[in-house]
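*Asks:* Structure: my_file-v1.txt, compact mmCIF, C-alpha atoms and all ligand atoms.
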# COMPACT_ATOMS: atom_id res chain seq x y z
CA MET A 310 0.00 0.00 0.00
CA ASN A 311 1.21 3.50 -0.81
CA GLN A 312 2.48 5.48 2.15
CA VAL A 313 0.18 8.50 2.54
CA ASP A 314 2.36 11.08 4.27
CA TYR A 315 1.73 14.26 2.30
CA LEU A 316 -0.93 16.78 3.30
CA ARG A 317 -2.02 19.69 1.14
CA ILE A 318 -3.29 22.38 3.45
CA SER A 319 -5.54 25.09 2.05
CA LEU A 320 -5.05 28.18 4.20
CA ILE A 321 -7.80 30.30 2.69
CA ASP A 322 -10.43 29.87 -0.02
CA ARG A 323 -10.22 33.47 -1.26
CA CYS A 324 -7.97 34.60 -4.05
CA ASN A 325 -6.81 37.90 -5.52
CA PHE A 326 -7.00 36.37 -9.01
CA ARG A 327 -9.88 34.72 -10.73
CA CYS A 328 -8.34 32.29 -13.18
CA GLN A 329 -10.78 31.16 -15.81
CA TYR A 330 -10.03 27.49 -15.22
CA CYS A 331 -10.20 27.70 -11.44
CA MET A 332 -12.85 30.28 -10.52
CA PRO A 333 -14.73 30.82 -13.77
CA GLU A 334 -16.87 33.91 -14.26
CA GLY A 335 -20.37 33.16 -13.14
CA ALA A 336 -19.31 30.44 -10.71
CA GLU A 337 -21.18 30.96 -7.47
CA LEU A 338 -18.50 31.24 -4.84
CA ASP A 339 -19.60 31.54 -1.25
CA TYR A 340 -16.43 32.57 0.49
CA LEU A 341 -15.84 31.32 3.99
CA LEU A 342 -16.20 33.79 6.81
CA ARG A 343 -13.15 34.42 8.96
CA GLN A 344 -14.61 32.41 11.83
CA GLN A 345 -15.17 29.44 9.53
CA LEU A 346 -11.45 29.14 8.75
CA LEU A 347 -9.31 26.92 10.91
CA THR A 348 -7.33 29.21 13.18
CA ASP A 349 -3.53 28.92 13.32
CA GLU A 350 -3.86 27.27 16.73
CA GLU A 351 -6.42 24.75 15.46
CA LEU A 352 -4.28 23.93 12.47
CA LEU A 353 -1.21 23.40 14.65
CA THR A 354 -3.23 21.25 17.06
CA LEU A 355 -4.39 19.10 14.15
CA LEU A 356 -0.84 18.77 12.84
CA ASN A 357 0.68 17.97 16.23
CA GLU A 358 -2.01 15.77 17.63
CA VAL A 359 -3.61 14.15 14.62
CA PHE A 360 -1.68 14.28 11.35
CA ILE A 361 1.89 13.89 12.54
CA PRO A 362 1.09 11.00 14.90
CA VAL A 363 -0.57 9.08 12.04
CA GLY A 364 2.45 9.57 9.77
CA PHE A 365 2.11 12.82 7.81
CA THR A 366 5.47 14.59 7.56
CA ARG A 367 5.30 16.59 4.34
CA PHE A 368 3.07 19.62 4.01
CA ARG A 369 2.14 21.97 1.18
CA LEU A 370 0.39 25.27 1.84
CA THR A 371 -2.08 26.30 -0.81
CA GLY A 372 -5.40 28.14 -1.23
CA GLY A 373 -7.22 30.06 -2.77
CA GLU A 374 -4.18 32.26 -2.53
CA PRO A 375 -2.11 31.32 0.53
CA LEU A 376 -0.24 34.66 0.60
CA LEU A 377 -3.55 36.28 1.61
CA ARG A 378 -3.60 34.38 4.89
CA PRO A 379 -3.05 36.79 7.80
CA ARG A 380 0.12 36.13 9.85
CA LEU A 381 1.34 33.69 7.21
CA VAL A 382 5.04 34.06 8.04
CA GLU A 383 4.45 33.14 11.69
CA LEU A 384 2.39 30.13 10.66
CA VAL A 385 5.09 28.99 8.25
CA ARG A 386 7.66 29.34 11.02
CA ALA A 387 5.54 27.29 13.40
CA ILE A 388 4.99 24.45 10.90
CA ALA A 389 8.60 24.47 9.68
CA SER A 390 9.89 24.20 13.22
CA LEU A 391 7.88 21.12 14.13
CA PRO A 392 10.58 18.47 14.51
CA GLN A 393 8.63 15.98 12.40
CA THR A 394 8.19 18.31 9.41
CA GLN A 395 10.36 16.81 6.69
CA ASP A 396 9.18 19.04 3.90
CA LEU A 397 7.23 22.29 3.74
CA SER A 398 6.27 23.88 0.45
CA MET A 399 3.78 26.34 -0.97
CA THR A 400 1.80 26.84 -4.17
CA THR A 401 1.04 30.50 -4.92
CA ASN A 402 0.09 32.77 -7.79
CA GLY A 403 3.13 34.87 -6.83
CA PHE A 404 1.38 38.24 -7.03
CA LEU A 405 2.20 39.23 -3.44
CA LEU A 406 5.41 37.24 -3.26
CA ALA A 407 8.22 39.71 -3.98
CA PRO A 408 8.10 41.56 -0.64
CA MET A 409 7.39 38.37 1.32
CA ALA A 410 9.87 35.97 -0.26
CA GLN A 411 12.78 36.63 2.11
CA ASN A 412 10.61 36.47 5.25
CA LEU A 413 9.02 33.21 4.12
CA TYR A 414 12.43 31.74 3.39
CA ASP A 415 13.78 32.87 6.76
CA ALA A 416 10.73 31.32 8.44
CA GLY A 417 11.71 27.94 7.01
CA LEU A 418 9.86 27.63 3.70
CA ARG A 419 12.27 26.15 1.17
CA ARG A 420 10.22 25.04 -1.80
CA ILE A 421 7.76 27.05 -3.80
CA ASN A 422 5.56 26.51 -6.85
CA ILE A 423 4.38 29.60 -8.66
CA SER A 424 1.62 29.51 -11.23
CA LEU A 425 2.52 31.19 -14.52
CA ASP A 426 0.33 30.36 -17.48
CA SER A 427 1.73 32.84 -19.97
CA LEU A 428 4.71 35.01 -20.75
CA ASP A 429 2.45 37.46 -22.53
CA SER A 430 1.08 40.07 -20.17
CA GLU A 431 -2.24 40.41 -21.98
CA ILE A 432 -2.87 36.67 -22.22
CA PHE A 433 -1.82 36.29 -18.61
CA ASP A 434 -4.28 38.97 -17.50
CA ASN A 435 -7.07 37.35 -19.49
CA ILE A 436 -6.47 33.90 -18.07
CA SER A 437 -6.10 35.11 -14.51
CA GLY A 438 -9.21 37.30 -14.52
CA ASN A 439 -7.15 40.49 -14.43
CA ARG A 440 -8.11 41.96 -17.78
CA GLY A 441 -6.77 45.55 -18.04
CA ARG A 442 -4.81 45.35 -14.79
CA SER A 443 -1.33 44.44 -16.12
CA ARG A 444 -0.41 42.08 -13.33
CA TRP A 445 2.10 39.86 -15.14
CA GLN A 446 5.15 41.96 -14.21
CA GLN A 447 4.40 41.82 -10.50
CA VAL A 448 4.13 38.02 -10.68
CA TRP A 449 7.38 37.83 -12.64
CA ASP A 450 9.04 40.02 -9.99
CA GLY A 451 7.76 37.55 -7.39
CA ILE A 452 9.37 34.69 -9.32
CA LEU A 453 12.68 36.57 -9.57
CA ALA A 454 12.55 37.39 -5.85
CA ALA A 455 11.95 33.72 -5.00
CA HIS A 456 14.93 32.81 -7.18
CA ARG A 457 17.17 35.43 -5.57
CA VAL A 458 16.23 34.40 -2.06
CA GLY A 459 17.21 30.82 -2.85
CA PHE A 460 14.02 28.77 -3.08
CA ASP A 461 15.08 25.46 -4.51
CA PRO A 462 13.53 23.87 -6.39
CA LEU A 463 11.66 26.78 -7.88
CA LYS A 464 8.77 25.38 -9.88
CA LEU A 465 6.48 27.16 -12.30
CA ASN A 466 3.05 25.60 -12.86
CA VAL A 467 1.42 26.04 -16.26
CA VAL A 468 -2.14 24.92 -17.01
CA VAL A 469 -2.35 24.54 -20.76
CA ILE A 470 -5.62 25.51 -22.44
CA PRO A 471 -5.93 24.83 -26.15
CA GLY A 472 -6.20 28.00 -28.21
CA VAL A 473 -5.46 30.18 -25.18
CA ASN A 474 -1.83 29.57 -24.20
CA ASP A 475 -0.75 26.36 -25.92
CA HIS A 476 1.18 28.38 -28.54
CA GLU A 477 3.52 29.42 -25.70
CA ILE A 478 4.57 25.94 -24.66
CA LEU A 479 8.00 26.21 -26.28
CA ASP A 480 8.68 29.67 -24.82
CA LEU A 481 7.69 28.45 -21.36
CA ALA A 482 9.77 25.30 -21.72
CA ALA A 483 12.73 27.43 -22.86
CA LEU A 484 12.80 29.11 -19.42
CA THR A 485 14.52 25.97 -18.16
CA ILE A 486 17.44 26.14 -20.61
CA ASP A 487 19.47 28.79 -18.80
CA ARG A 488 17.81 28.69 -15.39
CA GLN A 489 17.67 25.94 -12.85
CA TRP A 490 13.87 26.22 -12.77
CA HIS A 491 11.31 23.47 -13.13
CA VAL A 492 8.45 24.21 -15.47
CA ARG A 493 5.52 21.86 -14.97
CA PHE A 494 2.72 21.50 -17.46
CA ILE A 495 -0.55 20.48 -15.82
CA GLU A 496 -3.34 18.96 -17.88
CA PHE A 497 -6.43 21.14 -17.73
CA MET A 498 -9.09 19.52 -15.57
CA PRO A 499 -12.87 19.97 -15.68
CA ILE A 500 -13.26 21.05 -12.09
CA GLY A 501 -15.90 23.73 -11.57
CA ASN A 502 -15.30 25.12 -15.08
CA GLY A 503 -17.57 23.06 -17.32
CA ASP A 504 -18.23 25.84 -19.87
CA LEU A 505 -14.59 26.64 -20.56
CA PHE A 506 -13.63 23.00 -20.57
CA GLY A 507 -16.52 22.20 -22.90
CA ASP A 508 -15.43 24.99 -25.28
CA ARG A 509 -11.71 24.39 -25.24
CA GLY A 510 -11.05 20.80 -24.31
CA TRP A 511 -7.62 19.86 -23.08
CA LEU A 512 -4.21 18.83 -24.34
CA SER A 513 -2.50 15.70 -23.12
CA SER A 514 1.00 15.66 -21.69
CA ALA A 515 1.98 13.28 -24.51
CA GLU A 516 1.02 15.92 -27.06
CA LEU A 517 2.91 18.65 -25.19
CA ARG A 518 5.98 16.45 -24.83
CA GLN A 519 5.87 15.71 -28.52
CA ARG A 520 5.81 19.39 -29.44
CA ILE A 521 8.76 20.13 -27.16
CA SER A 522 10.63 17.07 -28.27
CA ASP A 523 10.18 18.01 -31.94
CA ARG A 524 11.98 21.27 -31.18
CA TRP A 525 14.82 20.19 -28.89
CA GLY A 526 14.53 16.49 -28.16
CA LEU A 527 13.83 15.47 -24.56
CA THR A 528 15.61 13.19 -22.17
CA GLU A 529 13.99 11.57 -19.17
CA SER A 530 15.27 13.02 -15.92
CA ALA A 531 15.99 10.92 -12.88
CA ILE A 532 14.68 13.64 -10.59
CA ARG A 533 11.23 12.97 -9.17
CA GLY A 534 9.45 15.21 -6.69
CA ASN A 535 6.85 14.28 -4.07
CA GLY A 536 4.18 14.33 -6.67
CA PRO A 537 2.94 12.72 -9.79
CA ALA A 538 4.97 14.68 -12.36
CA ASP A 539 6.91 12.81 -15.03
CA VAL A 540 10.14 14.72 -15.34
CA PHE A 541 12.17 15.38 -18.50
CA LYS A 542 14.95 17.69 -19.61
CA ILE A 543 15.81 19.56 -22.75
CA PRO A 544 19.31 18.19 -23.46
CA GLY A 545 21.89 20.45 -21.81
CA ALA A 546 19.26 22.53 -19.97
CA LYS A 547 19.86 23.59 -16.38
CA GLY A 548 16.26 23.02 -15.29
CA THR A 549 13.64 20.35 -15.91
CA LEU A 550 10.20 19.96 -17.41
CA GLY A 551 7.46 18.19 -15.49
CA PHE A 552 4.24 16.82 -16.93
CA ILE A 553 1.28 16.22 -14.70
CA SER A 554 -1.12 13.97 -16.51
CA GLN A 555 -4.06 13.47 -14.22
CA MET A 556 -6.45 13.46 -17.19
CA SER A 557 -4.58 11.10 -19.48
CA GLU A 558 -2.84 8.81 -17.03
CA CYS A 559 -4.61 7.94 -13.86
CA PHE A 560 -2.15 7.84 -10.99
CA CYS A 561 -4.67 7.04 -8.26
CA ASP A 562 -2.66 3.90 -7.48
CA ARG A 563 0.36 5.89 -6.37
CA CYS A 564 -1.57 8.69 -4.65
CA ASN A 565 0.33 9.68 -1.51
CA ARG A 566 -1.73 12.62 -0.30
CA MET A 567 -4.79 13.97 1.42
CA ARG A 568 -6.21 17.48 1.42
CA LEU A 569 -7.28 19.68 4.29
CA SER A 570 -9.63 22.50 3.29
CA ALA A 571 -9.43 25.97 4.81
CA ASP A 572 -12.50 25.17 6.91
CA GLY A 573 -11.07 21.94 8.20
CA TRP A 574 -12.54 19.20 6.01
CA LEU A 575 -10.15 16.36 5.39
CA ARG A 576 -10.59 15.03 1.89
CA PRO A 577 -9.00 11.75 0.80
CA CYS A 578 -9.16 12.40 -2.95
CA LEU A 579 -9.07 15.51 -5.16
CA LEU A 580 -12.03 14.33 -7.21
CA ASN A 581 -14.05 12.52 -4.65
CA GLU A 582 -15.63 13.54 -1.40
CA THR A 583 -16.27 10.03 -0.11
CA GLY A 584 -15.31 9.67 3.52
CA GLN A 585 -14.36 13.28 4.13
CA ILE A 586 -14.23 14.34 7.76
CA ASP A 587 -15.15 17.69 9.31
CA LEU A 588 -12.20 18.03 11.69
CA LYS A 589 -12.85 21.66 12.62
CA THR A 590 -16.38 21.07 13.93
CA ALA A 591 -15.16 18.04 15.84
CA LEU A 592 -12.29 19.98 17.37
CA ARG A 593 -14.50 22.93 18.31
CA SER A 594 -17.05 20.67 19.95
CA GLY A 595 -14.36 19.20 22.17
CA VAL A 596 -13.81 15.82 20.53
CA ASP A 597 -10.60 14.31 21.87
CA PRO A 598 -7.77 14.46 19.28
CA ALA A 599 -7.21 10.75 20.02
CA GLU A 600 -10.66 10.07 18.55
CA LEU A 601 -9.79 12.20 15.49
CA ARG A 602 -6.59 10.22 15.04
CA THR A 603 -8.65 7.05 14.91
CA GLN A 604 -10.98 8.60 12.33
CA VAL A 605 -8.06 9.71 10.16
CA GLN A 606 -6.44 6.29 10.47
CA ASP A 607 -9.73 4.69 9.39
CA LEU A 608 -9.84 7.04 6.42
CA LEU A 609 -6.27 6.11 5.51
CA GLN A 610 -7.36 2.46 5.56
CA ILE A 611 -10.18 3.03 3.07
CA LYS A 612 -8.25 5.47 0.86
CA PRO A 613 -7.03 2.74 -1.54
CA GLU A 614 -10.65 1.71 -2.05
CA ILE A 615 -11.66 5.32 -2.73
CA ASN A 616 -8.71 5.68 -5.14
CA TYR A 617 -9.74 2.47 -6.85
CA LYS A 618 -13.32 3.68 -7.33
CA GLN A 619 -12.01 7.01 -8.60
CA ARG A 620 -9.68 5.29 -11.03
CA ASN A 621 -12.57 3.35 -12.47
CA SER A 622 -14.84 6.34 -12.80
CA GLY A 623 -12.07 8.37 -14.49
CA THR A 624 -11.46 12.10 -14.42
CA THR A 625 -13.63 13.16 -17.29
CA GLY A 626 -16.76 14.03 -15.35
CA ILE A 627 -17.65 17.69 -14.77
CA TYR A 628 -17.09 18.64 -11.14
CA THR A 629 -19.04 21.39 -9.47
CA ARG A 630 -16.62 22.58 -6.79
CA THR A 631 -13.87 24.90 -7.97
CA MET A 632 -10.17 24.15 -7.56
CA SER A 633 -9.82 27.26 -5.41
CA GLN A 634 -12.23 25.69 -2.94
CA ILE A 635 -10.37 22.39 -2.89
CA GLY A 636 -6.83 23.79 -2.94
CA GLY A 637 -5.54 22.25 -6.14
N1 LIG B 701 -3.52 30.33 -5.91
C1 LIG B 701 -2.44 29.42 -5.93
C2 LIG B 701 -1.94 29.20 -7.35
O1 LIG B 701 -2.65 29.56 -8.28
O2 LIG B 701 -0.86 28.65 -7.49
C3 LIG B 701 -2.72 28.11 -5.23
C4 LIG B 701 -4.05 27.47 -5.42
S1 LIG B 701 -4.38 26.84 -7.05
C5 LIG B 701 -5.99 26.15 -6.83
C6 LIG B 701 -3.30 25.42 -7.10
C7 LIG B 701 -2.97 24.90 -8.47
O3 LIG B 701 -4.14 24.37 -9.07
C8 LIG B 701 -2.43 25.96 -9.44
O4 LIG B 701 -1.18 25.53 -9.95
C9 LIG B 701 -3.45 25.99 -10.53
O5 LIG B 701 -2.88 26.26 -11.78
C10 LIG B 701 -4.05 24.60 -10.46
N2 LIG B 701 -5.38 24.52 -11.05
C11 LIG B 701 -6.47 25.26 -10.74
N3 LIG B 701 -7.53 24.90 -11.50
C12 LIG B 701 -7.11 23.92 -12.33
C13 LIG B 701 -7.73 23.13 -13.35
N4 LIG B 701 -9.00 23.30 -13.67
N5 LIG B 701 -7.00 22.19 -13.98
C14 LIG B 701 -5.69 22.01 -13.65
N6 LIG B 701 -5.05 22.70 -12.69
C15 LIG B 701 -5.74 23.65 -12.05
FE1 LIG B 702 -6.54 31.94 -7.55
FE2 LIG B 702 -4.77 30.03 -7.89
FE3 LIG B 702 -7.29 29.62 -8.57
FE4 LIG B 702 -5.86 31.28 -10.01
S1 LIG B 702 -5.46 29.07 -9.77
S2 LIG B 702 -7.94 31.66 -9.22
S3 LIG B 702 -4.55 32.17 -8.54
S4 LIG B 702 -6.58 29.93 -6.55
Starting from the file, lay out its structure as structure tokens.
Ligand code: SAM
Ligand code: SF4
*Replies:*
Amino acid sequence: MNQVDYLRISLIDRCNFRCQYCMPEGAELDYLLRQQLLTDEELLTLLNEVFIPVGFTRFRLTGGEPLLRPRLVELVRAIASLPQTQDLSMTTNGFLLAPMAQNLYDAGLRRINISLDSLDSEIFDNISGNRGRSRWQQVWDGILAAHRVGFDPLKLNVVVIPGVNDHEILDLAALTIDRQWHVRFIEFMPIGNGDLFGDRGWLSSAELRQRISDRWGLTESAIRGNGPADVFKIPGAKGTLGFISQMSECFCDRCNRMRLSADGWLRPCLLNETGQIDLKTALRSGVDPAELRTQVQDLLQIKPEINYKQRNSGTTGIYTRTMSQIGG
């Protein structure tokens, strides 16, 4: 059985962007109220008394946009300094990153993934729901700041949408030639964005690899991260290219993660709510963390079954919750 030791923690469901594929226009988003979010203390209690004792040691902070979480640096410091934390990372849109990068690094964050779907400011603004706001440069500055401060690996996440940004695949891949960055192409998923997905469809990793390979050739790289990316290199490049193929290649069998939502629901599968547990309500009503440990252990036991069901139902359904609500 796969060791499940990786927890993706959504710190907030709100975002300062509104990416078309994540929070599409017209999607009804009921944001959580402040008091509905897990507090820092509750999150640390859950980590110390529930997740770490059952074997979780690697944590990724996500959102919505995690940089919007109040007192984020202190929270990062607290999680990074838990003796059992083996790995702490973050996924961010990078917009608020430049002035925070050094403080986050000093607090113990070492790995960061920044979403960057385009090198063209106008296309970027369209995709990210920032039409007319010219926000690309500030994100790019955040990426450069993360690089300067020493985040390693520095990963850039690209969701490829046919006819929107797929003509930029080679330019995005070329970022890895002279920089030790890792550009990861993520297959576009139909989560909460049925209209766009219906209009545009998606491109498989195999197709993207082929296009890149036709230009430069590609070699398989030995480096694998915590996740499901297949990693390649342009020959002679300093960085790598990752391909995350959750649409074309089901990797439910090797799934090593669970997800904790900003309001404290523990979810065993990205695409499936079976078995999820409301840890925040339990904690607030005084349930003993020992009892919560048992519930999480039980969920870990049935996770392979949930993964198996998910694998058989596939990922081509249309899901109603948005990625921003789940945490990616
Ligand atoms: N706001 C942060 C960001 O954009 O990096 C963190 C949260 S976001 C939900 C996490 C990741 O999910 C991002 O890399 C984003 O590109 C990806 N994502 C969101 N919606 C997606 C979709 N429909 N298909 C594939 N990836 C998606
Ligand atoms: Fe916000 Fe990230 Fe979703 Fe874009 S992908 S809307 S930046 S949560």
*Asks:* Set the distance at 7 Å and use all atoms listed in the file: which residues neighbour Thr485 in chain A once local chain neighbours fewer than 4 positions away are removed? I'd like the list as a list in words.
*Replies:*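 In the requested form, the answer reads Gln489, Trp490, His491, Val492, Ala546, Lys547, Gly548 and Thr549 of chain A.
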*Asks:* Which residue gives the smallest distance to Arg440 in chain A among A:Leu550, A:Leu517, A:Leu355, A:Cys328, with only C-alpha atoms counted?
*Replies:*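 Selected residue with least distance to Arg440 in chain A: A:Cys328.
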*Asks:* From the set A:Glu351, A:Asp504, A:Glu374, A:Glu529, which residue has the shortest atom-to-atom contact distance to ligand LIG 702 (chain B), counting all atoms listed in the file?
*Replies:*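 Between A:Glu351, A:Asp504, A:Glu374, A:Glu529, the residue approaching ligand LIG 702 (chain B) most closely is A:Glu374.
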*Asks:* Residues within 7 Å of ligand LIG 702 (chain B), counting all atoms listed in the file: report them as a list of chain:residue names.
*Replies:* A:Cys324, A:Asn325, A:Phe326, A:Arg327, A:Cys328, A:Cys331, A:Met332, A:Gly372, A:Gly373, A:Glu374, A:Thr401, A:Asn402, A:Ser437, A:Met632, A:Ser633
*Asks:* If I take CA of Phe552 in chain A and CA of Glu516 in chain A, how far is one from the other in Å, to one decimal?
*Replies:*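 We find that CA of Phe552 in chain A and CA of Glu516 in chain A lie 10.7 Å from each other.
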*Asks:* Which residues form the shell of 9 Å around ligand LIG 701 (chain B) when you count all atoms listed in the file, given as JSON, numbers by chain?
*Replies:* {"A": [319, 322, 323, 324, 325, 326, 328, 329, 330, 331, 332, 370, 371, 372, 373, 374, 375, 376, 399, 400, 401, 402, 403, 422, 423, 424, 425, 426, 465, 466, 467, 468, 469, 495, 496, 497, 498, 499, 500, 501, 502, 506, 555, 631, 632, 633, 634, 635, 636, 637]}
*Asks:* Within 8 Å of (-2.3, 31.0, -23.5), all atoms listed in the file: residues as a ChimeraX atom specification?
*Replies:* /A:426-427,432-433,436,469-477
*Asks:* So that I can check the surroundings of Glu600 in chain A, please list as a PyMOL selection string every protein, DNA and RNA residue that reaches within 12 Å of it, counting only C-alpha atoms and ignoring chain neighbours fewer than 4 positions away.
*Replies:* chain A and resi 355+358-359+588+591-592+595-596+604-607
*Asks:* I'd like the interatomic distance between CA of Val385 in chain A and CA of Tyr315 in chain A, to a tenth of an Å.
*Replies:* 16.2 Å
*Asks:* Which polymer residues have any atom within 12 Å of an atom of Ile543 in chain A, counting all atoms listed in the file, with same-chain residues fewer than 6 positions away left out, as a PDB file with C-alpha atoms, in the frame of the given file?
*Replies:*
ATOM      1  CA  LEU A 479       8.000  26.210 -26.280  1.00  0.00           C
ATOM      2  CA  ALA A 482       9.770  25.300 -21.720  1.00  0.00           C
ATOM      3  CA  ALA A 483      12.730  27.430 -22.860  1.00  0.00           C
ATOM      4  CA  LEU A 484      12.800  29.110 -19.420  1.00  0.00           C
ATOM      5  CA  THR A 485      14.520  25.970 -18.160  1.00  0.00           C
ATOM      6  CA  ILE A 486      17.440  26.140 -20.610  1.00  0.00           C
ATOM      7  CA  ASP A 487      19.470  28.790 -18.800  1.00  0.00           C
ATOM      8  CA  ARG A 488      17.810  28.690 -15.390  1.00  0.00           C
ATOM      9  CA  GLN A 489      17.670  25.940 -12.850  1.00  0.00           C
ATOM     10  CA  HIS A 491      11.310  23.470 -13.130  1.00  0.00           C
ATOM     11  CA  VAL A 492       8.450  24.210 -15.470  1.00  0.00           C
ATOM     12  CA  ARG A 518       5.980  16.450 -24.830  1.00  0.00           C
ATOM     13  CA  ILE A 521       8.760  20.130 -27.160  1.00  0.00           C
ATOM     14  CA  SER A 522      10.630  17.070 -28.270  1.00  0.00           C
ATOM     15  CA  ASP A 523      10.180  18.010 -31.940  1.00  0.00           C
ATOM     16  CA  ARG A 524      11.980  21.270 -31.180  1.00  0.00           C
ATOM     17  CA  TRP A 525      14.820  20.190 -28.890  1.00  0.00           C
ATOM     18  CA  GLY A 526      14.530  16.490 -28.160  1.00  0.00           C
ATOM     19  CA  LEU A 527      13.830  15.470 -24.560  1.00  0.00           C
ATOM     20  CA  THR A 528      15.610  13.190 -22.170  1.00  0.00           C
ATOM     21  CA  GLU A 529      13.990  11.570 -19.170  1.00  0.00           C
ATOM     22  CA  SER A 530      15.270  13.020 -15.920  1.00  0.00           C
ATOM     23  CA  THR A 549      13.640  20.350 -15.910  1.00  0.00           C
ATOM     24  CA  LEU A 550      10.200  19.960 -17.410  1.00  0.00           C
ATOM     25  CA  GLY A 551       7.460  18.190 -15.490  1.00  0.00           C
TER      26      GLY A 551
END
*Asks:* Excluding Thr394 in chain A and its own-chain neighbours fewer than 3 positions away, which residues fall within 9 Å of it when counting all atoms listed in the file? Please give them as a PDB file with C-alpha atoms, keeping the file's coordinate frame.
*Replies:*
ATOM      1  CA  ILE A 361       1.890  13.890  12.540  1.00  0.00           C
ATOM      2  CA  PHE A 365       2.110  12.820   7.810  1.00  0.00           C
ATOM      3  CA  THR A 366       5.470  14.590   7.560  1.00  0.00           C
ATOM      4  CA  ARG A 367       5.300  16.590   4.340  1.00  0.00           C
ATOM      5  CA  PHE A 368       3.070  19.620   4.010  1.00  0.00           C
ATOM      6  CA  ILE A 388       4.990  24.450  10.900  1.00  0.00           C
ATOM      7  CA  ALA A 389       8.600  24.470   9.680  1.00  0.00           C
ATOM      8  CA  SER A 390       9.890  24.200  13.220  1.00  0.00           C
ATOM      9  CA  LEU A 391       7.880  21.120  14.130  1.00  0.00           C
ATOM     10  CA  LEU A 397       7.230  22.290   3.740  1.00  0.00           C
TER      11      LEU A 397
END
*Asks:* How far is it from CA of Leu356 in chain A to CA of Thr603 in chain A, in Å with one decimal?
*Replies:*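 Calculated distance between CA of Leu356 in chain A and CA of Thr603 in chain A is 14.2 Å.
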*Asks:* I need the residue nearest Ser513 in chain A from this list: A:Asp480, A:Asp461, A:Glu383, A:Glu558. Use all atoms listed in the file for the distance.
*Replies:*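 Selected residue with least distance to Ser513 in chain A: A:Glu558.
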*Asks:* Nearest to Ala416 in chain A: which of A:Leu381, A:Leu579, A:Leu428, A:Leu320 is it, counting only C-alpha atoms?
*Replies:*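 Residue with the minimum atom-to-atom distance to Ala416 in chain A: A:Leu381.
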*Asks:* Reconstruct all heavy atoms of range 471-475 of chain A; output as a PDB file, in the coordinates of the input.
*Replies:*
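Here's the written file out.pdb:
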ATOM      1  N   PRO A 471      -6.057  24.740 -24.690  1.00  0.00           N
ATOM      2  CA  PRO A 471      -5.930  24.830 -26.150  1.00  0.00           C
ATOM      3  C   PRO A 471      -6.500  26.147 -26.675  1.00  0.00           C
ATOM      4  O   PRO A 471      -7.570  26.580 -26.263  1.00  0.00           O
ATOM      5  CB  PRO A 471      -6.788  23.648 -26.659  1.00  0.00           C
ATOM      6  CG  PRO A 471      -6.938  22.730 -25.490  1.00  0.00           C
ATOM      7  CD  PRO A 471      -6.806  23.558 -24.252  1.00  0.00           C
ATOM      8  N   GLY A 472      -5.729  26.762 -27.570  1.00  0.00           N
ATOM      9  CA  GLY A 472      -6.200  28.000 -28.210  1.00  0.00           C
ATOM     10  C   GLY A 472      -6.055  29.216 -27.316  1.00  0.00           C
ATOM     11  O   GLY A 472      -6.328  30.334 -27.740  1.00  0.00           O
ATOM     12  N   VAL A 473      -5.638  29.035 -26.088  1.00  0.00           N
ATOM     13  CA  VAL A 473      -5.460  30.180 -25.180  1.00  0.00           C
ATOM     14  C   VAL A 473      -3.968  30.415 -24.935  1.00  0.00           C
ATOM     15  O   VAL A 473      -3.446  31.499 -25.178  1.00  0.00           O
ATOM     16  CB  VAL A 473      -6.207  29.958 -23.843  1.00  0.00           C
ATOM     17  CG1 VAL A 473      -5.921  31.096 -22.863  1.00  0.00           C
ATOM     18  CG2 VAL A 473      -7.711  29.841 -24.091  1.00  0.00           C
ATOM     19  N   ASN A 474      -3.269  29.386 -24.466  1.00  0.00           N
ATOM     20  CA  ASN A 474      -1.830  29.570 -24.200  1.00  0.00           C
ATOM     21  C   ASN A 474      -0.984  28.418 -24.734  1.00  0.00           C
ATOM     22  O   ASN A 474       0.208  28.373 -24.450  1.00  0.00           O
ATOM     23  CB  ASN A 474      -1.573  29.770 -22.701  1.00  0.00           C
ATOM     24  CG  ASN A 474      -1.992  28.556 -21.875  1.00  0.00           C
ATOM     25  OD1 ASN A 474      -2.695  27.683 -22.361  1.00  0.00           O
ATOM     26  ND2 ASN A 474      -1.550  28.514 -20.632  1.00  0.00           N
ATOM     27  N   ASP A 475      -1.568  27.505 -25.494  1.00  0.00           N
ATOM     28  CA  ASP A 475      -0.750  26.360 -25.920  1.00  0.00           C
ATOM     29  C   ASP A 475       0.316  26.761 -26.946  1.00  0.00           C
ATOM     30  O   ASP A 475       1.320  26.074 -27.087  1.00  0.00           O
ATOM     31  CB  ASP A 475      -1.613  25.198 -26.444  1.00  0.00           C
ATOM     32  CG  ASP A 475      -2.336  25.532 -27.725  1.00  0.00           C
ATOM     33  OD1 ASP A 475      -3.017  26.577 -27.760  1.00  0.00           O
ATOM     34  OD2 ASP A 475      -2.225  24.760 -28.691  1.00  0.00           O
TER      35      ASP A 475
END
